[in-house]
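Student: So here's structure_16.pdb, just PDB, C-alpha atoms and all ligand atoms:
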ATOM      1  CA  MET A  53     216.141 126.201  89.628  1.00  0.00           C
ATOM      2  CA  ASN A  54     212.417 126.633  89.255  1.00  0.00           C
ATOM      3  CA  ILE A  55     212.183 130.404  88.831  1.00  0.00           C
ATOM      4  CA  GLU A  56     208.474 130.372  88.076  1.00  0.00           C
ATOM      5  CA  ARG A  57     207.683 128.512  91.260  1.00  0.00           C
ATOM      6  CA  LEU A  58     209.842 130.873  93.312  1.00  0.00           C
ATOM      7  CA  ARG A  59     208.297 133.919  91.707  1.00  0.00           C
ATOM      8  CA  ARG A  60     204.821 132.583  92.428  1.00  0.00           C
ATOM      9  CA  GLN A  61     205.749 131.852  96.014  1.00  0.00           C
ATOM     10  CA  LEU A  62     207.238 135.298  96.519  1.00  0.00           C
ATOM     11  CA  THR A  63     204.271 137.019  94.935  1.00  0.00           C
ATOM     12  CA  GLU A  64     201.793 135.060  97.048  1.00  0.00           C
ATOM     13  CA  ARG A  65     203.728 135.795 100.196  1.00  0.00           C
ATOM     14  CA  LEU A  66     203.930 139.447  99.256  1.00  0.00           C
ATOM     15  CA  SER A  67     200.177 139.808  98.889  1.00  0.00           C
ATOM     16  CA  GLU A  68     199.606 137.892 102.118  1.00  0.00           C
ATOM     17  CA  LEU A  69     201.931 140.252 103.990  1.00  0.00           C
ATOM     18  CA  GLU A  70     200.405 143.326 102.388  1.00  0.00           C
ATOM     19  CA  GLY A  71     196.995 142.097 103.533  1.00  0.00           C
ATOM     20  CA  ARG A  72     198.286 141.593 107.051  1.00  0.00           C
ATOM     21  CA  LEU A  73     199.899 145.016 107.098  1.00  0.00           C
ATOM     22  CA  ALA A  74     196.691 146.634 105.897  1.00  0.00           C
ATOM     23  CA  SER A  75     194.628 144.986 108.637  1.00  0.00           C
ATOM     24  CA  VAL A  76     197.192 145.948 111.295  1.00  0.00           C
ATOM     25  CA  ARG A  77     197.029 149.557 110.139  1.00  0.00           C
ATOM     26  CA  GLN A  78     193.264 149.442 110.220  1.00  0.00           C
ATOM     27  CA  ASP A  79     193.289 148.079 113.776  1.00  0.00           C
ATOM     28  CA  LEU A  80     195.695 150.773 114.872  1.00  0.00           C
ATOM     29  CA  ARG A  81     193.347 153.444 113.570  1.00  0.00           C
ATOM     30  CA  LYS A  82     190.413 152.246 115.668  1.00  0.00           C
ATOM     31  CA  SER A  83     189.218 154.724 118.237  1.00  0.00           C
ATOM     32  CA  HIS A  84     189.893 154.063 121.887  1.00  0.00           C
ATOM     33  CA  SER A  85     187.325 153.187 124.491  1.00  0.00           C
ATOM     34  CA  ALA A  86     186.573 155.565 127.339  1.00  0.00           C
ATOM     35  CA  ASP A  87     187.256 152.935 129.987  1.00  0.00           C
ATOM     36  CA  SER A  88     190.811 153.206 131.356  1.00  0.00           C
ATOM     37  CA  ALA A  89     191.246 149.482 132.042  1.00  0.00           C
ATOM     38  CA  GLU A  90     190.200 148.784 128.483  1.00  0.00           C
ATOM     39  CA  GLN A  91     192.518 151.501 127.245  1.00  0.00           C
ATOM     40  CA  ALA A  92     195.480 149.779 128.906  1.00  0.00           C
ATOM     41  CA  GLN A  93     194.519 146.554 127.170  1.00  0.00           C
ATOM     42  CA  GLU A  94     194.140 148.396 123.909  1.00  0.00           C
ATOM     43  CA  ARG A  95     197.569 149.952 124.219  1.00  0.00           C
ATOM     44  CA  GLU A  96     199.062 146.526 124.835  1.00  0.00           C
ATOM     45  CA  ASN A  97     197.332 145.168 121.754  1.00  0.00           C
ATOM     46  CA  GLU A  98     198.587 148.110 119.755  1.00  0.00           C
ATOM     47  CA  GLU A  99     202.161 147.422 120.732  1.00  0.00           C
ATOM     48  CA  VAL A 100     201.799 143.846 119.547  1.00  0.00           C
ATOM     49  CA  GLU A 101     200.118 145.009 116.353  1.00  0.00           C
ATOM     50  CA  SER A 102     202.867 147.553 115.721  1.00  0.00           C
ATOM     51  CA  ALA A 103     205.537 144.892 116.110  1.00  0.00           C
ATOM     52  CA  ILE A 104     203.680 142.665 113.647  1.00  0.00           C
ATOM     53  CA  GLY A 105     203.423 145.613 111.270  1.00  0.00           C
ATOM     54  CA  VAL A 106     207.142 146.387 111.453  1.00  0.00           C
ATOM     55  CA  GLU A 107     207.958 142.739 110.836  1.00  0.00           C
ATOM     56  CA  ALA A 108     205.591 142.598 107.867  1.00  0.00           C
ATOM     57  CA  GLU A 109     207.118 145.758 106.395  1.00  0.00           C
ATOM     58  CA  GLN A 110     210.587 144.301 106.702  1.00  0.00           C
ATOM     59  CA  SER A 111     209.538 141.061 105.015  1.00  0.00           C
ATOM     60  CA  ILE A 112     207.783 142.984 102.250  1.00  0.00           C
ATOM     61  CA  ARG A 113     211.021 144.863 101.525  1.00  0.00           C
ATOM     62  CA  GLU A 114     213.006 141.614 101.446  1.00  0.00           C
ATOM     63  CA  ILE A 115     210.515 139.968  99.114  1.00  0.00           C
ATOM     64  CA  ARG A 116     210.468 142.949  96.728  1.00  0.00           C
ATOM     65  CA  LEU A 117     214.270 142.814  96.567  1.00  0.00           C
ATOM     66  CA  ALA A 118     214.148 139.062  95.969  1.00  0.00           C
ATOM     67  CA  LEU A 119     211.712 139.618  93.081  1.00  0.00           C
ATOM     68  CA  GLU A 120     214.072 142.239  91.631  1.00  0.00           C
ATOM     69  CA  ARG A 121     216.964 139.789  91.861  1.00  0.00           C
ATOM     70  CA  LEU A 122     214.838 137.166  90.114  1.00  0.00           C
ATOM     71  CA  GLU A 123     214.264 139.604  87.262  1.00  0.00           C
ATOM     72  CA  SER A 124     217.896 140.658  87.014  1.00  0.00           C
ATOM     73  CA  GLY A 125     219.230 137.104  87.257  1.00  0.00           C
ATOM     74  CA  ASP A 126     221.188 137.664  90.479  1.00  0.00           C
ATOM     75  CA  TYR A 127     218.823 135.537  92.432  1.00  0.00           C
ATOM     76  CA  GLY A 128     220.048 132.559  94.445  1.00  0.00           C
ATOM     77  CA  GLU A 129     223.588 133.734  95.126  1.00  0.00           C
ATOM     78  CA  CYS A 130     224.743 134.285  98.665  1.00  0.00           C
ATOM     79  CA  ASP A 131     225.463 138.004  99.078  1.00  0.00           C
ATOM     80  CA  ARG A 132     228.301 137.250 101.451  1.00  0.00           C
ATOM     81  CA  CYS A 133     230.294 134.344 100.005  1.00  0.00           C
ATOM     82  CA  GLY A 134     228.890 134.382  96.459  1.00  0.00           C
ATOM     83  CA  GLU A 135     228.123 130.670  96.510  1.00  0.00           C
ATOM     84  CA  PRO A 136     224.778 129.481  95.178  1.00  0.00           C
ATOM     85  CA  ILE A 137     222.144 129.122  97.877  1.00  0.00           C
ATOM     86  CA  PRO A 138     220.694 125.585  97.884  1.00  0.00           C
ATOM     87  CA  GLU A 139     217.305 125.401  96.215  1.00  0.00           C
ATOM     88  CA  ALA A 140     215.715 123.718  99.253  1.00  0.00           C
ATOM     89  CA  ARG A 141     216.611 126.755 101.326  1.00  0.00           C
ATOM     90  CA  LEU A 142     215.271 129.142  98.704  1.00  0.00           C
ATOM     91  CA  LEU A 143     212.014 127.251  98.558  1.00  0.00           C
ATOM     92  CA  ALA A 144     211.676 127.317 102.330  1.00  0.00           C
ATOM     93  CA  ARG A 145     212.591 130.979 102.569  1.00  0.00           C
ATOM     94  CA  PRO A 146     212.586 132.527  99.094  1.00  0.00           C
ATOM     95  CA  GLU A 147     213.494 136.041 100.287  1.00  0.00           C
ATOM     96  CA  THR A 148     216.770 134.888 101.814  1.00  0.00           C
ATOM     97  CA  THR A 149     220.001 136.486 100.547  1.00  0.00           C
ATOM     98  CA  ARG A 150     222.467 134.231 102.327  1.00  0.00           C
ATOM     99  CA  CYS A 151     223.404 130.580 102.410  1.00  0.00           C
ATOM    100  CA  VAL A 152     222.909 128.676 105.655  1.00  0.00           C
ATOM    101  CA  ALA A 153     226.547 129.038 106.710  1.00  0.00           C
ATOM    102  CA  CYS A 154     226.590 132.823 106.190  1.00  0.00           C
ATOM    103  CA  ALA A 155     223.176 133.418 107.715  1.00  0.00           C
ATOM    104  CA  GLU A 156     224.359 132.106 111.068  1.00  0.00           C
TER     105      GLU A 156
HETATM  106 ZN    ZN B 201     227.330 132.259 101.943  1.00  0.00          ZN
END
Go ahead and express the file in the form of structure tokens.
Ligand SMILES: [Zn+2]
Tutor:
Amino acid sequence: MNIERLRRQLTERLSELEGRLASVRQDLRKSHSADSAEQAQERENEEVESAIGVEAEQSIREIRLALERLESGDYGECDRCGEPIPEARLLARPETTRCVACAE
């Protein structure tokens, strides 16, 4: 397994997600307009932004754990059946902790 490639991928994805999270948080801090129709639109946007933020936070946690597993050598084993996760799956979704069969 190409650990270096996986680590690079995870690290890149991590910084991408952290960037996204930061911009979501910035958007959510923006002050609201005085117009009530615009406020309704703003609230809607905020809900979408919040959902994106929650998703990004979740992914960031998963990626940090994956990086820890890479360091400790536990990486690439399914946490349910203990079988090795196929490399193609890890490359497509490096933060995964389960093989295809167990993930479903
Ligand atoms: Zn499994």
Student: Evaluate the PyMOL selection byres (((chain A and resi 139-155) around 7) and not hetatm) on the structure here and hand back the selected residues as an NGL selection string.
Tutor: :A and (53 or 58 or 62 or 114-115 or 118 or 130-132 or 137-138 or 156)
Student: Work out how far atom CA of Gln110 of chain A is from atom CA of Glu68 of chain A, in Å to one decimal.
Tutor: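 The value is 13.5 Å.
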Student: At a cut-off of 12 Å around the point (195.4, 146.7, 121.4) (file coordinates), what residues fall inside when counting all atoms listed in the file? I'd like the answer as number ranges by chain.
Tutor: A: 76-85, 89-103
Student: Enter the distance from atom CA of Asn54 of chain A to atom CA of Ser124 of chain A, in Å, rounded to one decimal.
Tutor: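 We find that atom CA of Asn54 of chain A and atom CA of Ser124 of chain A lie 15.2 Å from each other.
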Student: Enter the distance from atom CA of Gly105 of chain A to atom CA of Gly128 of chain A, in Å, rounded to one decimal.
Tutor: 27.0 Å
Student: Which residue gives the smallest distance to Arg121 of chain A among A:Arg59, A:Cys133, A:Leu69, A:Ala74, with all atoms listed in the file counted?
Tutor: A:Arg59
Student: Output as JSON the centre and edge lengths (Å, one decimal) of the box along x, y and z of the file that holds every listed atom of segment 102-106 of chain A after adding 6 Å on each side.
Tutor:
{"center_x": 205.0, "center_y": 145.1, "center_z": 113.7, "size_x": 16.3, "size_y": 16.9, "size_z": 16.8}
Student: Given the choices A:Ala86, A:Ser67, A:Ile55, A:Ile112, which gets closest to Gly125 of chain A if the distance is worked out from all atoms listed in the file?
Tutor: A:Ile55
Student: Give the answer as one residue: which of A:Thr63, A:Arg57, A:Gly134, A:Asp87 has the shortest atom-to-atom distance to Glu120 of chain A, using all atoms listed in the file?
Tutor: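 Selected residue with least distance to Glu120 of chain A: A:Thr63.
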Student: Using the partial input, fill out segment 59-91 of chain A with N, CA and C atoms; write the result as a short mmCIF file (atom, residue, chain, number, x, y, z; two decimals), in the coordinates of the input.
Tutor:
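Okay, this is what ended up in rebuild-v7.cif:
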data_model
loop_
_atom_site.label_atom_id
_atom_site.label_comp_id
_atom_site.auth_asym_id
_atom_site.auth_seq_id
_atom_site.Cartn_x
_atom_site.Cartn_y
_atom_site.Cartn_z
N ARG A 59 208.97 132.64 91.93
CA ARG A 59 208.30 133.92 91.71
C ARG A 59 206.86 133.87 92.23
N ARG A 60 206.20 132.73 91.96
CA ARG A 60 204.82 132.58 92.43
C ARG A 60 204.77 132.62 93.96
N GLN A 61 205.71 131.89 94.55
CA GLN A 61 205.75 131.85 96.01
C GLN A 61 205.98 133.23 96.61
N LEU A 62 206.92 133.96 96.03
CA LEU A 62 207.24 135.30 96.52
C LEU A 62 206.05 136.24 96.35
N THR A 63 205.40 136.14 95.21
CA THR A 63 204.27 137.02 94.94
C THR A 63 203.12 136.72 95.89
N GLU A 64 202.87 135.43 96.14
CA GLU A 64 201.79 135.06 97.05
C GLU A 64 202.09 135.55 98.46
N ARG A 65 203.33 135.38 98.86
CA ARG A 65 203.73 135.79 100.20
C ARG A 65 203.63 137.32 100.33
N LEU A 66 204.00 137.99 99.26
CA LEU A 66 203.93 139.45 99.26
C LEU A 66 202.49 139.92 99.46
N SER A 67 201.55 139.32 98.75
CA SER A 67 200.18 139.81 98.89
C SER A 67 199.60 139.43 100.25
N GLU A 68 200.04 138.29 100.78
CA GLU A 68 199.61 137.89 102.12
C GLU A 68 200.09 138.92 103.16
N LEU A 69 201.36 139.29 103.05
CA LEU A 69 201.93 140.25 103.99
C LEU A 69 201.31 141.63 103.84
N GLU A 70 201.03 142.02 102.60
CA GLU A 70 200.40 143.33 102.39
C GLU A 70 199.01 143.35 103.00
N GLY A 71 198.31 142.21 102.91
CA GLY A 71 197.00 142.10 103.53
C GLY A 71 197.09 142.22 105.05
N ARG A 72 198.11 141.55 105.61
CA ARG A 72 198.29 141.59 107.05
C ARG A 72 198.61 143.01 107.51
N LEU A 73 199.49 143.65 106.77
CA LEU A 73 199.90 145.02 107.10
C LEU A 73 198.70 145.96 107.04
N ALA A 74 197.87 145.78 106.03
CA ALA A 74 196.69 146.63 105.90
C ALA A 74 195.75 146.45 107.08
N SER A 75 195.56 145.20 107.53
CA SER A 75 194.63 144.99 108.64
C SER A 75 195.22 145.49 109.95
N VAL A 76 196.54 145.39 110.10
CA VAL A 76 197.19 145.95 111.30
C VAL A 76 196.98 147.45 111.34
N ARG A 77 197.18 148.10 110.19
CA ARG A 77 197.03 149.56 110.14
C ARG A 77 195.60 149.97 110.44
N GLN A 78 194.66 149.15 109.97
CA GLN A 78 193.26 149.44 110.22
C GLN A 78 192.97 149.34 111.72
N ASP A 79 193.49 148.27 112.34
CA ASP A 79 193.29 148.08 113.78
C ASP A 79 193.87 149.24 114.57
N LEU A 80 195.02 149.71 114.14
CA LEU A 80 195.70 150.77 114.87
C LEU A 80 194.96 152.11 114.75
N ARG A 81 194.10 152.21 113.75
CA ARG A 81 193.35 153.44 113.57
C ARG A 81 192.06 153.48 114.39
N LYS A 82 191.66 152.31 114.91
CA LYS A 82 190.41 152.25 115.67
C LYS A 82 190.43 153.22 116.84
N SER A 83 189.28 153.78 117.14
CA SER A 83 189.22 154.72 118.24
C SER A 83 189.27 153.99 119.57
N HIS A 84 189.71 154.68 120.58
CA HIS A 84 189.89 154.06 121.89
C HIS A 84 188.63 154.13 122.74
N SER A 85 188.49 153.18 123.61
CA SER A 85 187.32 153.19 124.49
C SER A 85 187.56 154.19 125.62
N ALA A 86 186.48 154.57 126.27
CA ALA A 86 186.57 155.56 127.34
C ALA A 86 187.05 154.94 128.64
N ASP A 87 186.91 153.63 128.76
CA ASP A 87 187.26 152.94 129.99
C ASP A 87 188.77 152.79 130.12
N SER A 88 189.36 153.17 131.25
CA SER A 88 190.81 153.21 131.36
C SER A 88 191.43 151.80 131.41
N ALA A 89 190.72 150.85 132.03
CA ALA A 89 191.25 149.48 132.04
C ALA A 89 191.28 148.93 130.62
N GLU A 90 190.24 149.22 129.88
CA GLU A 90 190.20 148.78 128.48
C GLU A 90 191.26 149.49 127.65
N GLN A 91 191.49 150.75 127.97
CA GLN A 91 192.52 151.50 127.24
C GLN A 91 193.88 150.86 127.42
#
